[in-house]
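S.K.: Okay, handing you the structure first.
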Amino acid sequence: MQTLIIACGALAREVLALIKLNDWQHMELQCLPADLHLRPEKIPDAVEAAVEAARGKYADIFVAYADCGTGGLLAARCERLGVEMISGPHCYSFFEGNETFAARGEVTSFYLTDFLARQFEAFVWKPMGLDKHPELLEMYFGNYEKLVYLAQTEDAALTQAAMQAAQRLGLAFERRFTGYGGLDMALTPRRRSA
Amino acid sequence: MSDEEDDLILDELNDEELVLQMYDDLYDGMADEIAEAVHILLKRAWTPYDILTKALVEGMRIVGIDFRDGILFVPEVLLAAGAMKKGMVILKPLLVETGAPQLGKMVIGTVKGDIHDIGKNLVAMMMEGAGFEVIDLGINNPAEDYIDALKRENADILGMSALLTTTMPYMKTVIDSMVEQGIRDDYIVLVGGAPLNEEFGKAIGSDAYCRDAAVAVETAKEFMARKHNQV
């Protein structure tokens, strides 16, 4: 019996990369749409449906989401369903390490991951309506000072894309290499149930 | 927008039609049309307060409902808010002159660690539109800033906003400080923000969680009415 990883679509590449890197052949990945983040209140129901549909077919089910704007509701749902999830408020935090991220206390930073650097247009610029209404930029980003690109991989093209995103948002730019951080740490113990 | 609508002459509409058209224009974020309609209603001897409450606030309430139902998204709401703001700029000085009713005074701000003020700004605007005086503390407020402002301004309502699950627990810190100082029951405490819910609002000891700006206005009115009845 396999282990099923039910993951946010924004983590698909990273989970697959870890599976390949570690030769975790017992793991299967099922992604939920990354754009659920635009309506986080829908995440618990979507996760529950996926968990219930998979029950009995896998030895172990793991939810590769952090709280992700659900205000504790996803954690409560996972507890009720008897499945584990990633600890921390969101992927920015667990990629960097929850303690490190919290200790920085960066109030005025806007974060991109590899996924968001790659999908900036589709997941930031367009959903915020900035393609049609650039005048909204100040309302959204007026209080931010810096864009921090939390890089999971060494990829010059993504770094360039993240820099361009910072320019478009009118923010200073900083790149931090995090690797897979807390995602790696969350998935590694699942080996035992293989 | 069809040609027919482009050709619409607002001044030719009767009052009822014009207000309905303002709902549509707010919905579509058409700021210039809202400003024009406000001037027309003023010319027709509408009071600034009636224009605000019956046309602008009511129009934004409809926008809020469709946002809640997932028909409209944040960009559309912001454009609608921009249109309402354009109307309010015209009306605000006139409201003072005409002695519009003051329903109460609210201190509002985002909590410490949170710089996301879109929701807070919407609530502040809608509260002003509905006849409340709003003291906007802006972003990233520690407990003492809220409490000092409440006392200094002799306010009735505290409004706290947070977008992040990491910052929303700070609302409890503020309320706990108010309890420690023995002033909690002197104020109506309303909380809001995307990750909050009713359960959270109750758990931290607020009076109410308000899921959007229109609900915040209605809740504030309700609590102020109760407060007056107590007196």
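Every chain in the structure tokens has a letter given in the order shown (A, B, ...), and although residue numbers restart at 1 in each chain, ligands are simply numbered from 1 in the order shown.
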Can you pull out every residue from stretch 78-123 of chain A that DSSP, working from the backbone, puts in helix (DSSP H, G or I), and format the result as a list in words?
M.R.: Cys78, Glu79, Arg80, Leu81, Cys91, Tyr92, Ser93, Phe94, Phe95, Glu96, Asn98, Glu99, Thr100, Phe101, Ala102, Ala103, Arg104, Asp114, Phe115, Leu116, Ala117, Arg118, Phe120, Glu121, Ala122 and Phe123 of chain A
S.K.: Skipping near chain neighbours, those fewer than 6 positions away, what residues fall within 10 Å of B:Ile135 using only C-alpha atoms, listed as a PyMOL selection string?
M.R.: chain B and resi 105-109+124+128+149-150+153+155+158-159
S.K.: Could the residues in this selection be written to a file with C-alpha atoms, as a PDB file, in the first residue's frame?
M.R.:
```
ATOM      1  CA  LYS B 105     -17.543  57.273  16.926  1.00  0.00           C
ATOM      2  CA  MET B 106     -15.281  54.414  15.890  1.00  0.00           C
ATOM      3  CA  VAL B 107     -11.550  53.906  16.328  1.00  0.00           C
ATOM      4  CA  ILE B 108     -10.249  51.531  13.674  1.00  0.00           C
ATOM      5  CA  GLY B 109      -6.918  50.077  12.572  1.00  0.00           C
ATOM      6  CA  ALA B 124     -13.887  52.966   7.515  1.00  0.00           C
ATOM      7  CA  GLU B 128     -18.359  57.170   7.523  1.00  0.00           C
ATOM      8  CA  ALA B 149      -7.250  56.560  20.967  1.00  0.00           C
ATOM      9  CA  LEU B 150     -10.435  55.109  22.465  1.00  0.00           C
ATOM     10  CA  GLU B 153     -11.508  60.363  21.357  1.00  0.00           C
ATOM     11  CA  ALA B 155     -15.123  56.665  21.155  1.00  0.00           C
ATOM     12  CA  LEU B 158     -13.230  49.721  18.495  1.00  0.00           C
ATOM     13  CA  GLY B 159     -12.729  48.075  15.097  1.00  0.00           C
TER      14      GLY B 159
END
```
S.K.: Using only C-alpha atoms, which of the listed residues (B:Phe67, B:Glu76, B:Ile90, B:Thr47) sits closest to B:Ile34?
M.R.: B:Ile90
S.K.: Could the residues of chain A within 6 Å of chain B, counting only C-alpha atoms, be given as a list in words, please?
M.R.: Gly69, Thr70, Gly71, Val107, Met128 and Gly129 of chain A
S.K.: Which neighbours of stretch 8-17 of chain B fall inside 9 Å, counting only C-alpha atoms, when residues of the same chain fewer than 4 positions from it are skipped, and could you give them as a list in words?
M.R.: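 Once the nearby chain positions are removed, what remains is Asp3, Glu4, Gln21, Met22, Glu33, Glu36, Ala37, Ile40, Leu41 and Arg44 of chain B.
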S.K.: Find the residues around B:Ala100 up to 7 Å (only C-alpha atoms counted), leave out those fewer than 4 positions away in its own chain, and share them as a list of chain:residue names.
M.R.: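 These residues fall inside the cut-off: B:Tyr49, B:Leu95, B:Val96.
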S.K.: If we count only C-alpha atoms, what is near B:Lys172 at a cut-off of 10 Å, once residues fewer than 2 positions away on the same chain are taken out, given as a PyMOL selection string?
M.R.: chain B and resi 143+168-170+174-178+200-201+203-206
S.K.: Give me, as a PyMOL selection string, the residues of stretch 53-158 of chain A that a backbone DSSP run labels strand (DSSP E).
M.R.: chain A and resi 60-64+84-85+109-112+146-151
S.K.: Could you write out the selected residues, including N, CA and C atoms, as a short mmCIF file (atom, residue, chain, number, x, y, z; two decimals), in the first residue's frame?
M.R.:
```cif
data_model
loop_
_atom_site.label_atom_id
_atom_site.label_comp_id
_atom_site.auth_asym_id
_atom_site.auth_seq_id
_atom_site.Cartn_x
_atom_site.Cartn_y
_atom_site.Cartn_z
N ASP A 60 -1.34 5.33 4.11
CA ASP A 60 -1.08 6.58 4.82
C ASP A 60 -1.50 7.74 3.91
N ILE A 61 -2.12 8.72 4.51
CA ILE A 61 -2.47 9.94 3.75
C ILE A 61 -1.87 11.13 4.48
N PHE A 62 -1.19 11.99 3.75
CA PHE A 62 -0.60 13.18 4.35
C PHE A 62 -1.07 14.41 3.57
N VAL A 63 -1.39 15.46 4.30
CA VAL A 63 -1.88 16.69 3.66
C VAL A 63 -0.75 17.71 3.60
N ALA A 64 -0.30 17.99 2.40
CA ALA A 64 0.81 18.94 2.22
C ALA A 64 0.27 20.36 2.05
N GLU A 84 -2.34 13.89 9.11
CA GLU A 84 -1.39 14.94 9.49
C GLU A 84 -1.23 15.96 8.37
N MET A 85 -0.76 17.13 8.74
CA MET A 85 -0.51 18.19 7.75
C MET A 85 0.80 18.89 8.12
N SER A 109 7.17 42.74 4.05
CA SER A 109 7.71 41.98 2.91
C SER A 109 6.61 41.19 2.22
N PHE A 110 6.70 41.14 0.91
CA PHE A 110 5.80 40.33 0.10
C PHE A 110 6.64 39.18 -0.45
N TYR A 111 6.12 37.95 -0.37
CA TYR A 111 6.94 36.78 -0.69
C TYR A 111 6.55 36.11 -1.99
N LEU A 112 7.57 35.64 -2.67
CA LEU A 112 7.36 34.73 -3.81
C LEU A 112 8.15 33.45 -3.54
N LYS A 146 9.40 45.49 0.42
CA LYS A 146 10.37 44.59 -0.21
C LYS A 146 9.69 43.33 -0.71
N LEU A 147 10.13 42.84 -1.85
CA LEU A 147 9.72 41.51 -2.30
C LEU A 147 10.85 40.55 -1.96
N VAL A 148 10.53 39.52 -1.21
CA VAL A 148 11.53 38.51 -0.86
C VAL A 148 11.23 37.25 -1.66
N TYR A 149 12.18 36.86 -2.49
CA TYR A 149 12.04 35.64 -3.27
C TYR A 149 12.68 34.50 -2.49
N LEU A 150 11.84 33.59 -1.99
CA LEU A 150 12.32 32.41 -1.26
C LEU A 150 12.53 31.31 -2.29
N ALA A 151 13.77 31.08 -2.66
CA ALA A 151 14.06 30.18 -3.78
C ALA A 151 14.22 28.74 -3.30
#
```
S.K.: Nearest residue to B:Gly119 out of A:Ala117, A:Leu29, A:Met139, A:Leu18, using only C-alpha atoms?
M.R.: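 When distances to B:Gly119 are compared using only C-alpha atoms, the smallest one comes from A:Met139.
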S.K.: Compile the contact shell of A:Ala161 as a list in words: residues with an atom at most 12 Å away, counting only C-alpha atoms, same-chain residues fewer than 3 positions apart removed.
M.R.: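 In the requested form, the answer reads Leu112, Thr113, Asp114, Phe115, Leu116, Ala117, Arg118, Gln119, Phe120, Glu121, Leu147, Tyr149, Ala151, Asp155, Ala156, Ala157, Leu158, Gln164, Ala165, Ala166, Gln167, Arg168, Phe173 and Arg175 of chain A.
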S.K.: Could those selected residues go to a file with C-alpha atoms, as a PDB file, in the first residue's frame?
M.R.:
```pdb
ATOM      1  CA  LEU A 112       7.364  34.733  -3.806  1.00  0.00           C
ATOM      2  CA  THR A 113       8.323  31.067  -3.988  1.00  0.00           C
ATOM      3  CA  ASP A 114       9.558  29.280  -7.113  1.00  0.00           C
ATOM      4  CA  PHE A 115       5.935  28.563  -7.968  1.00  0.00           C
ATOM      5  CA  LEU A 116       4.863  32.176  -7.593  1.00  0.00           C
ATOM      6  CA  ALA A 117       7.907  33.508  -9.439  1.00  0.00           C
ATOM      7  CA  ARG A 118       6.997  31.187 -12.305  1.00  0.00           C
ATOM      8  CA  GLN A 119       3.275  31.941 -12.110  1.00  0.00           C
ATOM      9  CA  PHE A 120       3.396  35.585 -11.063  1.00  0.00           C
ATOM     10  CA  GLU A 121       1.160  36.699 -13.896  1.00  0.00           C
ATOM     11  CA  LEU A 147       9.721  41.511  -2.304  1.00  0.00           C
ATOM     12  CA  TYR A 149      12.038  35.637  -3.270  1.00  0.00           C
ATOM     13  CA  ALA A 151      14.063  30.184  -3.782  1.00  0.00           C
ATOM     14  CA  ASP A 155      17.440  28.871 -11.223  1.00  0.00           C
ATOM     15  CA  ALA A 156      18.722  32.068 -12.808  1.00  0.00           C
ATOM     16  CA  ALA A 157      15.626  32.464 -14.962  1.00  0.00           C
ATOM     17  CA  LEU A 158      13.323  32.311 -11.940  1.00  0.00           C
ATOM     18  CA  GLN A 164      11.018  41.705 -12.609  1.00  0.00           C
ATOM     19  CA  ALA A 165       8.016  41.042 -10.389  1.00  0.00           C
ATOM     20  CA  ALA A 166       9.563  43.251  -7.701  1.00  0.00           C
ATOM     21  CA  GLN A 167      10.090  46.015 -10.254  1.00  0.00           C
ATOM     22  CA  ARG A 168       6.485  45.779 -11.442  1.00  0.00           C
ATOM     23  CA  PHE A 173      14.214  42.874  -4.060  1.00  0.00           C
ATOM     24  CA  ARG A 175      16.570  36.570  -2.830  1.00  0.00           C
TER      25      ARG A 175
END
```
S.K.: Just how far from atom CA of A:Gln30 is atom CA of A:Gly82, in Å to one decimal?
M.R.: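 It comes out at 18.0 Å.
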